[in-house]
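As provided, run.cif (mmCIF, C-alpha atoms and all ligand atoms) reads as follows.
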```cif
data_input
#
loop_
_atom_site.label_atom_id
_atom_site.label_comp_id
_atom_site.auth_asym_id
_atom_site.auth_seq_id
_atom_site.Cartn_x
_atom_site.Cartn_y
_atom_site.Cartn_z
CA MET A 1 86.26 112.30 93.97
CA ILE A 2 89.69 110.75 94.31
CA LYS A 3 90.36 109.38 97.79
CA PHE A 4 93.75 109.39 99.51
CA SER A 5 95.32 106.63 101.55
CA ALA A 6 98.79 105.58 102.67
CA THR A 7 100.42 102.30 103.58
CA LEU A 8 100.41 101.24 107.21
CA THR A 9 101.43 97.82 108.38
CA CYS A 10 99.53 95.68 110.85
CA ARG A 11 102.06 93.11 112.02
CA TYR A 12 105.42 93.03 110.24
CA ASP A 13 107.67 95.91 109.23
CA THR A 14 107.61 97.09 105.65
CA LEU A 15 109.80 99.71 103.99
CA PHE A 16 106.64 101.53 102.90
CA SER A 17 105.08 102.20 106.29
CA PRO A 18 106.27 105.26 108.22
CA PHE A 19 105.12 103.54 111.44
CA PRO A 20 106.13 100.12 112.76
CA PRO A 21 103.26 97.70 113.39
CA GLU A 22 103.21 98.34 117.12
CA GLU A 23 102.49 102.00 116.36
CA LEU A 24 99.52 101.35 114.08
CA GLU A 25 97.36 103.53 116.31
CA GLN A 26 99.73 106.50 115.87
CA GLY A 27 99.72 105.79 112.15
CA LEU A 28 95.93 106.01 112.02
CA ALA A 29 96.02 109.26 113.99
CA TRP A 30 98.59 110.66 111.51
CA LEU A 31 96.40 109.69 108.54
CA ALA A 32 93.36 111.38 110.04
CA GLN A 33 95.28 114.54 111.02
CA SER A 34 96.89 114.80 107.59
CA GLY A 35 93.59 114.66 105.70
CA PHE A 36 93.76 111.11 104.35
CA ASP A 37 90.46 109.31 103.76
CA ALA A 38 91.72 105.81 104.43
CA ALA A 39 94.56 103.45 105.22
CA GLU A 40 96.05 100.89 102.88
CA LEU A 41 96.70 98.02 105.25
CA CYS A 42 99.61 95.66 104.83
CA ILE A 43 98.54 92.30 106.26
CA ASN A 44 100.60 89.12 106.09
CA ASP A 45 98.11 86.93 107.93
CA TYR A 46 95.48 87.22 110.67
CA GLN A 47 97.30 85.68 113.62
CA GLY A 48 96.94 88.14 116.47
CA ILE A 49 94.81 90.53 114.40
CA ASP A 50 91.36 91.28 115.79
CA VAL A 51 89.58 92.40 112.64
CA ALA A 52 86.49 93.73 114.45
CA ARG A 53 88.75 95.86 116.65
CA LEU A 54 90.73 97.05 113.62
CA LYS A 55 87.48 98.15 111.98
CA ARG A 56 86.46 100.01 115.15
CA ARG A 57 89.83 101.79 115.27
CA LEU A 58 89.49 102.86 111.61
CA ASP A 59 85.90 104.00 112.24
CA SER A 60 86.94 106.01 115.29
CA TYR A 61 89.24 108.09 113.07
CA GLY A 62 86.69 108.32 110.26
CA LEU A 63 89.03 106.30 108.03
CA GLY A 64 88.25 103.57 105.54
CA CYS A 65 90.57 100.95 104.13
CA THR A 66 91.31 101.21 100.40
CA THR A 67 93.00 97.89 99.84
CA ILE A 68 94.66 95.08 101.77
CA ALA A 69 98.27 94.77 100.61
CA THR A 70 99.06 91.05 100.64
CA GLY A 71 102.60 90.78 99.26
CA GLN A 72 104.47 90.23 102.53
CA ALA A 73 103.41 86.58 102.41
CA ARG A 74 105.49 85.99 99.27
CA ARG A 75 108.75 86.28 101.21
CA ARG A 76 107.56 85.54 104.73
CA ASP A 77 105.52 82.43 103.97
CA GLY A 78 106.72 81.53 100.47
CA LEU A 79 103.21 81.92 99.07
CA SER A 80 102.53 82.25 95.35
CA LEU A 81 99.60 81.67 93.03
CA LEU A 82 102.15 80.54 90.47
CA SER A 83 104.15 78.04 92.48
CA GLY A 84 104.97 74.74 90.78
CA ASP A 85 103.86 73.11 94.05
CA ASN A 86 100.07 72.68 94.14
CA ALA A 87 100.06 72.73 97.94
CA VAL A 88 101.59 76.22 97.90
CA VAL A 89 98.97 77.39 95.38
CA ALA A 90 96.24 76.00 97.66
CA ARG A 91 97.69 77.80 100.69
CA THR A 92 97.92 81.03 98.69
CA ARG A 93 94.28 80.75 97.61
CA ALA A 94 93.28 80.06 101.22
CA ARG A 95 95.20 83.16 102.40
CA LEU A 96 93.56 85.26 99.71
CA ALA A 97 90.16 83.89 100.77
CA GLU A 98 90.85 85.21 104.29
CA HIS A 99 91.81 88.60 102.87
CA ILE A 100 88.65 88.68 100.74
CA GLU A 101 86.41 87.98 103.73
CA VAL A 102 88.13 90.71 105.75
CA ALA A 103 87.96 93.11 102.78
CA ALA A 104 84.20 92.57 102.66
CA LEU A 105 84.02 93.74 106.30
CA LEU A 106 86.35 96.71 105.77
CA GLY A 107 84.85 97.74 102.42
CA SER A 108 88.25 97.46 100.75
CA HIS A 109 89.88 95.87 97.73
CA VAL A 110 92.44 93.05 97.94
CA THR A 111 95.77 93.46 96.14
CA ILE A 112 97.45 90.70 94.17
CA GLY A 113 101.00 91.85 93.47
CA SER A 114 103.95 89.82 94.70
CA LEU A 115 101.65 86.84 95.26
CA ARG A 116 101.68 86.35 91.48
CA ALA A 117 105.49 85.96 91.39
CA PRO A 118 106.33 82.51 89.95
CA ASP A 119 109.03 80.26 91.40
CA ARG A 120 110.25 79.17 87.95
CA GLU A 121 110.71 80.39 84.41
CA MET A 122 107.55 80.55 82.35
CA SER A 123 106.63 81.94 78.94
CA LYS A 124 104.25 84.88 79.00
CA THR A 125 101.44 82.78 77.51
CA ALA A 126 101.87 79.98 80.06
CA TYR A 127 102.12 82.59 82.82
CA MET A 128 98.85 84.26 81.86
CA HIS A 129 96.91 81.02 81.50
CA GLU A 130 98.21 79.64 84.77
CA LEU A 131 97.53 82.86 86.64
CA ALA A 132 93.97 83.01 85.29
CA GLU A 133 93.41 79.43 86.47
CA ALA A 134 95.02 80.00 89.88
CA MET A 135 92.97 83.15 90.47
CA ARG A 136 89.62 81.71 89.40
CA PRO A 137 88.34 80.53 92.82
CA CYS A 138 89.52 83.82 94.38
CA VAL A 139 87.73 85.85 91.73
CA GLU A 140 84.53 83.86 92.29
CA LEU A 141 84.70 84.23 96.07
CA ALA A 142 85.42 87.95 95.70
CA GLN A 143 82.39 88.28 93.42
CA ARG A 144 80.16 86.62 96.02
CA CYS A 145 81.58 88.89 98.73
CA GLY A 146 81.29 92.08 96.66
CA VAL A 147 85.06 92.58 96.74
CA THR A 148 87.36 93.82 93.95
CA LEU A 149 90.74 92.19 93.39
CA VAL A 150 93.37 94.62 92.14
CA LEU A 151 96.20 93.07 90.18
CA GLU A 152 99.33 95.17 90.44
CA ALA A 153 101.53 95.91 87.41
CA LEU A 154 105.11 95.42 88.63
CA ASN A 155 108.31 96.34 86.83
CA ARG A 156 110.57 93.85 85.04
CA TYR A 157 113.21 93.86 87.79
CA GLU A 158 110.66 92.51 90.29
CA ILE A 159 108.65 90.00 88.27
CA SER A 160 108.91 88.12 84.99
CA HIS A 161 105.57 89.10 83.39
CA LEU A 162 102.74 91.65 83.33
CA HIS A 163 104.70 94.87 83.63
CA SER A 164 102.84 97.53 81.68
CA ALA A 165 99.29 98.82 81.44
CA ALA A 166 99.00 97.09 78.06
CA ASP A 167 100.15 93.77 79.61
CA MET A 168 97.50 94.09 82.31
CA LEU A 169 94.73 94.64 79.78
CA GLU A 170 95.99 91.74 77.69
CA PHE A 171 95.73 89.49 80.75
CA LEU A 172 92.26 90.73 81.73
CA THR A 173 91.02 90.10 78.21
CA LEU A 174 92.65 86.68 77.92
CA SER A 175 91.27 85.58 81.30
CA ASP A 176 87.83 87.01 80.50
CA ALA A 177 87.99 88.72 83.90
CA PRO A 178 84.72 89.93 85.39
CA ASP A 179 84.34 93.55 86.50
CA ASN A 180 85.50 92.83 90.05
CA VAL A 181 89.05 92.35 88.77
CA GLY A 182 90.88 95.63 88.30
CA VAL A 183 94.38 97.01 87.98
CA LEU A 184 96.62 98.58 90.58
CA TRP A 185 98.87 101.00 88.69
CA ASP A 186 101.94 102.13 90.60
CA ILE A 187 103.61 105.17 89.06
CA PHE A 188 107.05 104.01 90.26
CA HIS A 189 106.67 100.84 88.17
CA ALA A 190 104.87 102.70 85.36
CA ASN A 191 107.82 105.09 85.05
CA ILE A 192 109.90 102.07 84.04
CA GLU A 193 107.33 100.22 81.94
CA ASP A 194 104.78 102.61 80.41
CA ARG A 195 105.77 104.95 77.64
CA ASP A 196 103.29 107.64 78.60
CA PHE A 197 101.42 108.14 81.87
CA SER A 198 98.26 109.68 80.36
CA ALA A 199 98.07 107.05 77.63
CA ALA A 200 98.36 104.29 80.25
CA ILE A 201 95.55 105.83 82.30
CA ALA A 202 93.35 106.10 79.21
CA LEU A 203 94.15 102.53 78.19
CA LEU A 204 93.29 101.11 81.61
CA GLY A 205 89.97 102.99 81.67
CA TYR A 206 87.40 101.57 84.11
CA ARG A 207 89.76 98.70 84.99
CA LEU A 208 91.98 101.14 86.88
CA LYS A 209 90.85 100.74 90.50
CA HIS A 210 93.84 101.73 92.64
CA VAL A 211 96.96 103.87 92.19
CA HIS A 212 100.24 103.92 94.14
CA PHE A 213 102.13 107.20 94.35
CA ALA A 214 105.89 107.44 94.88
CA ASP A 215 108.52 109.35 92.96
CA SER A 216 110.97 108.00 90.34
CA ASN A 217 113.42 106.91 93.05
CA ARG A 218 110.53 105.68 95.22
CA ALA A 219 110.98 108.62 97.58
CA PHE A 220 108.10 110.79 98.76
CA PRO A 221 106.46 112.58 95.80
CA GLY A 222 108.45 115.69 94.93
CA TYR A 223 111.85 114.18 95.80
CA GLY A 224 112.45 112.53 92.42
CA HIS A 225 111.67 113.58 88.88
CA LEU A 226 108.14 112.32 88.16
CA PRO A 227 105.53 114.88 87.03
CA ILE A 228 103.33 114.14 90.04
CA ASP A 229 100.85 116.99 89.49
CA ASP A 230 100.45 116.14 85.79
CA ILE A 231 99.78 112.48 86.60
CA TYR A 232 97.19 113.45 89.21
CA ARG A 233 95.54 115.85 86.74
CA ALA A 234 95.44 113.11 84.09
CA LEU A 235 93.73 110.77 86.58
CA LYS A 236 91.19 113.43 87.43
CA GLN A 237 90.52 114.31 83.81
CA ALA A 238 90.02 110.62 83.02
CA GLY A 239 87.25 110.53 85.65
CA TYR A 240 89.25 108.26 87.96
CA HIS A 241 87.41 108.14 91.29
CA HIS A 242 89.16 105.44 93.32
CA ALA A 243 92.20 105.93 95.57
CA VAL A 244 95.62 107.47 95.19
CA SER A 245 97.66 105.74 97.85
CA LEU A 246 101.06 106.78 99.10
CA GLU A 247 103.42 103.84 98.83
CA CYS A 248 106.90 105.28 99.01
CA LEU A 249 110.07 104.57 100.95
CA CYS A 250 110.62 106.66 104.06
CA ALA A 251 112.87 108.86 101.95
CA PRO A 252 114.35 111.37 102.21
CA SER A 253 113.18 110.74 105.80
CA VAL A 254 110.25 109.53 107.90
CA GLU A 255 109.80 113.15 109.00
CA THR A 256 109.32 114.19 105.37
CA LEU A 257 106.38 111.79 105.05
CA LEU A 258 104.90 112.77 108.38
CA GLU A 259 105.17 116.51 107.78
CA GLU A 260 104.62 116.79 104.03
CA ALA A 261 101.81 114.30 103.35
CA GLY A 262 99.10 116.70 104.53
CA PRO A 263 100.32 119.61 102.36
CA LEU A 264 100.75 117.23 99.38
CA ILE A 265 97.14 116.01 99.64
CA ALA A 266 95.87 119.57 100.05
CA ARG A 267 97.80 120.68 96.96
CA LEU A 268 96.61 117.75 94.83
CA ARG A 269 92.99 118.27 95.89
CA ARG A 270 93.21 121.85 94.59
CA LEU A 271 94.43 120.82 91.11
C1 LIG A 301 103.88 96.76 96.14
O1 LIG A 301 102.75 97.54 95.98
C2 LIG A 301 104.89 97.10 95.15
O2 LIG A 301 104.77 98.07 94.44
C3 LIG A 301 106.03 96.22 95.05
O3 LIG A 301 107.04 96.80 94.30
C4 LIG A 301 106.56 95.80 96.39
O4 LIG A 301 107.40 94.73 96.23
MN MN A 302 103.00 99.34 94.55
#
```

Show this structure as structure tokens.
Amino acid sequence: MIKFSATLTCRYDTLFSPFPPEELEQGLAWLAQSGFDAAELCINDYQGIDVARLKRRLDSYGLGCTTIATGQARRRDGLSLLSGDNAVVARTRARLAEHIEVAALLGSHVTIGSLRAPDREMSKTAYMHELAEAMRPCVELAQRCGVTLVLEALNRYEISHLHSAADMLEFLTLSDAPDNVGVLWDIFHANIEDRDFSAAIALLGYRLKHVHFADSNRAFPGYGHLPIDDIYRALKQAGYHHAVSLECLCAPSVETLLEEAGPLIARLRRL
């Protein structure tokens, strides 16, 4: 069964959360009322976050956490696994280690998306080898903790390498990644980079562990021109059983998200 989640942020604003961090509680209530199974939590760092309390709040609404979105720290704290500065790489690994330990408590994945953005030009080969090396201790810790790391495919306007489903598989093969490393496939990015949605899903196979839903213009599904229902059906037919997570701008409006998420989930579940 495919699970549904949506982005909520714990401490700093993000364009993808319909609630500001100080209204996390209202956000959780909205998820539960709308029929979501879980939250996707955007966490920059753990200052001021009581993880045990956060888990209790999720539990009280019957919600899980699908993945911890970690990318805020790229801009906020300048973190990157592919920095030319070894101290920055060490800080990024340490931050990811915190996320992995929390993910073990919450039963969630940990996303690596913007944290793989390099601070200099690199060839694709150098990029892949360096990323594999930088991720290694994180992958090993995640394995010990029973946590999956999901590497997000991002479009060419956001990052220099690893854009398409084929790129992701090439990297996983080259880095000899164990099974606890999967792919986060975001249909907004895939619309730019993948030739065919169904073919990308088939290619990713069991490595596909998390999916972001937004429309072509990153608005709420239905307000752009992506074949949302067809993509969902293709996921279902491929036997995909992880999460579809709403990660869209608050467009056309916050109210659209708040009012239409429940009906969207209900419709998709019936497909
Ligand atoms: C994050 O999941 C994402 O898709 C990025 O485009 C955000 O920068
Ligand atoms: Mn995404």

**Report entry** Neighbour list for Glu170 of chain A as a VMD selection string, cut-off 12 Å, only C-alpha atoms, skip fewer than 6 positions in-chain
**Finding:** chain A and resid 124 to 125 128 to 129 132 153 161 to 164 176 to 177 183 203 to 204 207

Report task. Using only C-alpha atoms, pick whichever of A:His225, A:Asp37, A:Leu184, A:Asp179 has the shortest atom-to-atom distance to Met1 of chain A. Result ->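 The shortest atom-to-atom distance to Met1 of chain A comes from A:Asp37.
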
Query raised in the report: Quick one: residues within 10 Å of ligand LIG 301 (chain A), with only C-alpha atoms and all ligand atoms, as a ChimeraX atom specification?
Result: /A:7,14-16,42,69-72,74-75,111-115,151-155,157-159,184-189,211-214,218,245-248

**Report entry** Atomic separation - atom CA of Tyr61 of chain A relative to atom CA of Arg267 of chain A, Å
**Finding:**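 We find that atom CA of Arg267 of chain A and atom CA of Tyr61 of chain A lie 22.2 Å from each other.
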
Query - Å distance separating atom CA of Tyr46 of chain A from atom CA of Gln33 of chain A, one decimal place - result: 27.3 Å
